[in-house]
Amino acid sequence: MDKVVIGKRLRRSREKLSLTREQFAEKVELSPQFIAQIENANRGMSAETLYKICTRLDISPEYILLGNQPMNELQLPYVDLLRKIPPDYSGVFEEYVKNFLDVIKIAERKYEL
């Protein structure tokens with residue numbers, strides 16, 4: 001595993017949460033200096049530290065270690081909007097999305113060369 005890449009992913013994850021290094025360190029009960037050393041690839045981290053960071057801040061360990069973001073953990077801008085849909089409307093919304101995808105397929109076929 002490449003400490004430089006892991007450090008960059010950790011920094012991106014921290015910045016995505018809009019946390020300073022100090023705020024991040026406080027949440028995971030580590031020193032800001034230790035976080036800086038990891039982010040700057042001057043130090044690695046134990047499995048225990050990785051676990052602590054990932055569970056307390058809801059960060060994917062698969063992303064930190066491998067760069068993969070599992071589909072069920074993608075944080076897209078509209079996910080919060082989808083969560084606001086009342087349960088009674090979930091069937092209607094699902095049907096709407098299916099119809100929308102059908103329209104996209106038709107448009108793609110129409111404009112294929």
# chains A, B, ... in the order shown; residues from 1 in each chain; ligands from 1
$ residues_around --residues "Gly7 of chain A" --least-positions-apart "2" --cutoff "6 Å" --atoms "only C-alpha atoms" --output "CSV table (one decimal) with N, CA, C and O atoms, in the first residue's frame"
chain,number,residue,atom,x,y,z
A,3,LYS,N,1.7,4.8,1.0
A,3,LYS,CA,1.3,5.8,2.0
A,3,LYS,C,1.0,7.2,1.5
A,3,LYS,O,0.1,7.9,2.0
A,4,VAL,N,1.6,7.5,0.4
A,4,VAL,CA,1.3,8.8,-0.3
A,4,VAL,C,-0.2,8.9,-0.7
A,4,VAL,O,-0.9,9.8,-0.4
A,5,VAL,N,-0.6,7.8,-1.4
A,5,VAL,CA,-1.9,7.8,-1.9
A,5,VAL,C,-2.9,7.7,-0.8
A,5,VAL,O,-4.0,8.4,-0.8
A,9,ARG,N,-6.0,10.4,0.1
A,9,ARG,CA,-7.4,10.0,0.2
A,9,ARG,C,-7.9,10.4,1.6
A,9,ARG,O,-9.1,10.8,1.7
A,10,LEU,N,-7.1,10.2,2.6
A,10,LEU,CA,-7.6,10.6,4.0
A,10,LEU,C,-7.8,12.1,4.0
A,10,LEU,O,-8.8,12.6,4.5
A,38,ILE,N,0.2,11.2,8.7
A,38,ILE,CA,-0.5,10.2,7.8
A,38,ILE,C,-0.8,10.9,6.5
A,38,ILE,O,-0.5,10.4,5.4
A,39,GLU,N,-1.4,12.1,6.6
A,39,GLU,CA,-1.8,12.8,5.3
A,39,GLU,C,-0.5,13.1,4.5
A,39,GLU,O,-0.6,13.1,3.2
A,40,ASN,N,0.6,13.4,5.1
A,40,ASN,CA,1.8,13.7,4.4
A,40,ASN,C,2.7,12.5,4.1
A,40,ASN,O,3.8,12.7,3.7
A,41,ALA,N,2.2,11.4,4.3
A,41,ALA,CA,2.9,10.1,4.1
A,41,ALA,C,4.2,9.9,4.9
A,41,ALA,O,5.1,9.2,4.5
$ atom_distance --atom1 "atom CA of Leu30 of chain A" --atom2 "atom CA of Leu66 of chain A"
22.7 Å
$ select_by_dssp --residues "chain A" --states "helix (DSSP H, G or I)" --output "PyMOL selection string"
chain A and resi 3-16+21-28+32-39+47-57+61-66+71-73+79-83+87-110
$ write_last_selection --atoms "C-alpha atoms" --output "mmCIF file, in the first residue's frame"
data_model
loop_
_atom_site.group_PDB
_atom_site.id
_atom_site.type_symbol
_atom_site.label_atom_id
_atom_site.label_comp_id
_atom_site.auth_asym_id
_atom_site.auth_seq_id
_atom_site.Cartn_x
_atom_site.Cartn_y
_atom_site.Cartn_z
ATOM 1 C CA LYS A 3 1.320 5.806 2.044
ATOM 2 C CA VAL A 4 1.301 8.841 -0.260
ATOM 3 C CA VAL A 5 -1.941 7.785 -1.942
ATOM 4 C CA ILE A 6 -3.563 6.739 1.333
ATOM 5 C CA GLY A 7 -2.601 10.085 2.892
ATOM 6 C CA LYS A 8 -4.145 11.976 -0.031
ATOM 7 C CA ARG A 9 -7.364 9.978 0.230
ATOM 8 C CA LEU A 10 -7.553 10.621 3.953
ATOM 9 C CA ARG A 11 -7.020 14.343 3.395
ATOM 10 C CA ARG A 12 -9.704 14.407 0.662
ATOM 11 C CA SER A 13 -12.109 12.606 2.974
ATOM 12 C CA ARG A 14 -11.410 15.092 5.768
ATOM 13 C CA GLU A 15 -11.836 18.060 3.444
ATOM 14 C CA LYS A 16 -15.038 16.595 2.029
ATOM 15 C CA ARG A 21 -7.125 18.735 10.799
ATOM 16 C CA GLU A 22 -7.724 19.678 14.440
ATOM 17 C CA GLN A 23 -11.471 18.998 14.251
ATOM 18 C CA PHE A 24 -10.846 15.706 12.477
ATOM 19 C CA ALA A 25 -8.257 14.645 15.057
ATOM 20 C CA GLU A 26 -10.592 15.504 17.919
ATOM 21 C CA LYS A 27 -13.402 13.388 16.460
ATOM 22 C CA VAL A 28 -11.161 10.347 16.099
ATOM 23 C CA PRO A 32 -3.508 16.684 14.766
ATOM 24 C CA GLN A 33 0.214 16.024 14.328
ATOM 25 C CA PHE A 34 -0.424 12.303 13.878
ATOM 26 C CA ILE A 35 -3.128 13.037 11.272
ATOM 27 C CA ALA A 36 -0.695 15.402 9.490
ATOM 28 C CA GLN A 37 1.965 12.690 9.437
ATOM 29 C CA ILE A 38 -0.479 10.227 7.847
ATOM 30 C CA GLU A 39 -1.756 12.783 5.320
ATOM 31 C CA ALA A 47 -5.703 -1.313 11.390
ATOM 32 C CA GLU A 48 -7.084 -0.091 14.707
ATOM 33 C CA THR A 49 -6.504 3.560 13.736
ATOM 34 C CA LEU A 50 -8.040 3.006 10.308
ATOM 35 C CA TYR A 51 -11.066 1.386 11.944
ATOM 36 C CA LYS A 52 -11.431 4.280 14.387
ATOM 37 C CA ILE A 53 -11.246 6.880 11.605
ATOM 38 C CA CYS A 54 -13.657 5.064 9.316
ATOM 39 C CA THR A 55 -16.302 4.204 11.912
ATOM 40 C CA ARG A 56 -16.355 7.554 13.672
ATOM 41 C CA LEU A 57 -16.479 9.599 10.479
ATOM 42 C CA PRO A 61 -11.970 1.846 4.474
ATOM 43 C CA GLU A 62 -12.141 0.412 0.965
ATOM 44 C CA TYR A 63 -11.790 3.931 -0.398
ATOM 45 C CA ILE A 64 -8.930 4.888 1.948
ATOM 46 C CA LEU A 65 -6.931 1.725 1.211
ATOM 47 C CA LEU A 66 -7.852 0.888 -2.376
ATOM 48 C CA MET A 71 -21.885 1.653 -4.965
ATOM 49 C CA ASN A 72 -23.954 1.487 -1.792
ATOM 50 C CA GLU A 73 -21.713 4.122 -0.198
ATOM 51 C CA VAL A 79 -28.725 11.374 -2.352
ATOM 52 C CA ASP A 80 -29.928 13.732 0.390
ATOM 53 C CA LEU A 81 -32.806 14.770 -1.850
ATOM 54 C CA LEU A 82 -33.772 11.139 -2.395
ATOM 55 C CA ARG A 83 -33.821 10.524 1.338
ATOM 56 C CA PRO A 87 -42.097 6.386 1.997
ATOM 57 C CA ASP A 88 -45.632 6.542 0.567
ATOM 58 C CA TYR A 89 -44.181 8.004 -2.643
ATOM 59 C CA SER A 90 -41.266 5.632 -3.122
ATOM 60 C CA GLY A 91 -43.195 3.449 -5.608
ATOM 61 C CA VAL A 92 -44.208 6.475 -7.646
ATOM 62 C CA PHE A 93 -40.648 7.757 -7.637
ATOM 63 C CA GLU A 94 -39.275 4.367 -8.707
ATOM 64 C CA GLU A 95 -41.712 4.280 -11.625
ATOM 65 C CA TYR A 96 -40.730 7.834 -12.580
ATOM 66 C CA VAL A 97 -37.028 6.933 -12.638
ATOM 67 C CA LYS A 98 -37.682 3.805 -14.728
ATOM 68 C CA ASN A 99 -39.628 5.889 -17.257
ATOM 69 C CA PHE A 100 -36.894 8.501 -17.314
ATOM 70 C CA LEU A 101 -34.263 5.830 -18.027
ATOM 71 C CA ASP A 102 -36.441 4.456 -20.841
ATOM 72 C CA VAL A 103 -36.589 7.939 -22.391
ATOM 73 C CA ILE A 104 -32.797 8.176 -22.188
ATOM 74 C CA LYS A 105 -32.432 4.823 -23.987
ATOM 75 C CA ILE A 106 -34.803 5.955 -26.736
ATOM 76 C CA ALA A 107 -32.922 9.227 -27.161
ATOM 77 C CA GLU A 108 -29.593 7.421 -27.324
ATOM 78 C CA ARG A 109 -30.881 5.075 -30.049
ATOM 79 C CA LYS A 110 -32.378 7.953 -31.979
#
$ closest_residue --among "A:Met45, A:Ile85, A:Met1, A:Ile59" --to "Leu17 of chain A" --atoms "only C-alpha atoms"
A:Ile59
$ decode --residues "segment 3-49 of chain A" --atoms "C-alpha atoms" --output "JSON list (two decimals), in the first residue's frame"
[["chain", "number", "residue", "atom", "x", "y", "z"],
["A", 3, "LYS", "CA", 1.32, 5.81, 2.04],
["A", 4, "VAL", "CA", 1.30, 8.84, -0.26],
["A", 5, "VAL", "CA", -1.94, 7.78, -1.94],
["A", 6, "ILE", "CA", -3.56, 6.74, 1.33],
["A", 7, "GLY", "CA", -2.60, 10.08, 2.89],
["A", 8, "LYS", "CA", -4.15, 11.98, -0.03],
["A", 9, "ARG", "CA", -7.36, 9.98, 0.23],
["A", 10, "LEU", "CA", -7.55, 10.62, 3.95],
["A", 11, "ARG", "CA", -7.02, 14.34, 3.39],
["A", 12, "ARG", "CA", -9.70, 14.41, 0.66],
["A", 13, "SER", "CA", -12.11, 12.61, 2.97],
["A", 14, "ARG", "CA", -11.41, 15.09, 5.77],
["A", 15, "GLU", "CA", -11.84, 18.06, 3.44],
["A", 16, "LYS", "CA", -15.04, 16.60, 2.03],
["A", 17, "LEU", "CA", -16.39, 16.64, 5.58],
["A", 18, "SER", "CA", -15.28, 20.29, 5.84],
["A", 19, "LEU", "CA", -13.16, 19.51, 8.89],
["A", 20, "THR", "CA", -9.89, 21.11, 9.84],
["A", 21, "ARG", "CA", -7.13, 18.73, 10.80],
["A", 22, "GLU", "CA", -7.72, 19.68, 14.44],
["A", 23, "GLN", "CA", -11.47, 19.00, 14.25],
["A", 24, "PHE", "CA", -10.85, 15.71, 12.48],
["A", 25, "ALA", "CA", -8.26, 14.64, 15.06],
["A", 26, "GLU", "CA", -10.59, 15.50, 17.92],
["A", 27, "LYS", "CA", -13.40, 13.39, 16.46],
["A", 28, "VAL", "CA", -11.16, 10.35, 16.10],
["A", 29, "GLU", "CA", -9.27, 10.99, 19.35],
["A", 30, "LEU", "CA", -5.86, 11.31, 17.73],
["A", 31, "SER", "CA", -3.44, 14.21, 17.66],
["A", 32, "PRO", "CA", -3.51, 16.68, 14.77],
["A", 33, "GLN", "CA", 0.21, 16.02, 14.33],
["A", 34, "PHE", "CA", -0.42, 12.30, 13.88],
["A", 35, "ILE", "CA", -3.13, 13.04, 11.27],
["A", 36, "ALA", "CA", -0.70, 15.40, 9.49],
["A", 37, "GLN", "CA", 1.97, 12.69, 9.44],
["A", 38, "ILE", "CA", -0.48, 10.23, 7.85],
["A", 39, "GLU", "CA", -1.76, 12.78, 5.32],
["A", 40, "ASN", "CA", 1.81, 13.74, 4.38],
["A", 41, "ALA", "CA", 2.88, 10.08, 4.06],
["A", 42, "ASN", "CA", 5.43, 10.41, 6.86],
["A", 43, "ARG", "CA", 3.71, 7.71, 8.85],
["A", 44, "GLY", "CA", 1.39, 4.79, 8.30],
["A", 45, "MET", "CA", -1.52, 3.79, 10.48],
["A", 46, "SER", "CA", -2.55, 0.61, 12.21],
["A", 47, "ALA", "CA", -5.70, -1.31, 11.39],
["A", 48, "GLU", "CA", -7.08, -0.09, 14.71],
["A", 49, "THR", "CA", -6.50, 3.56, 13.74]]
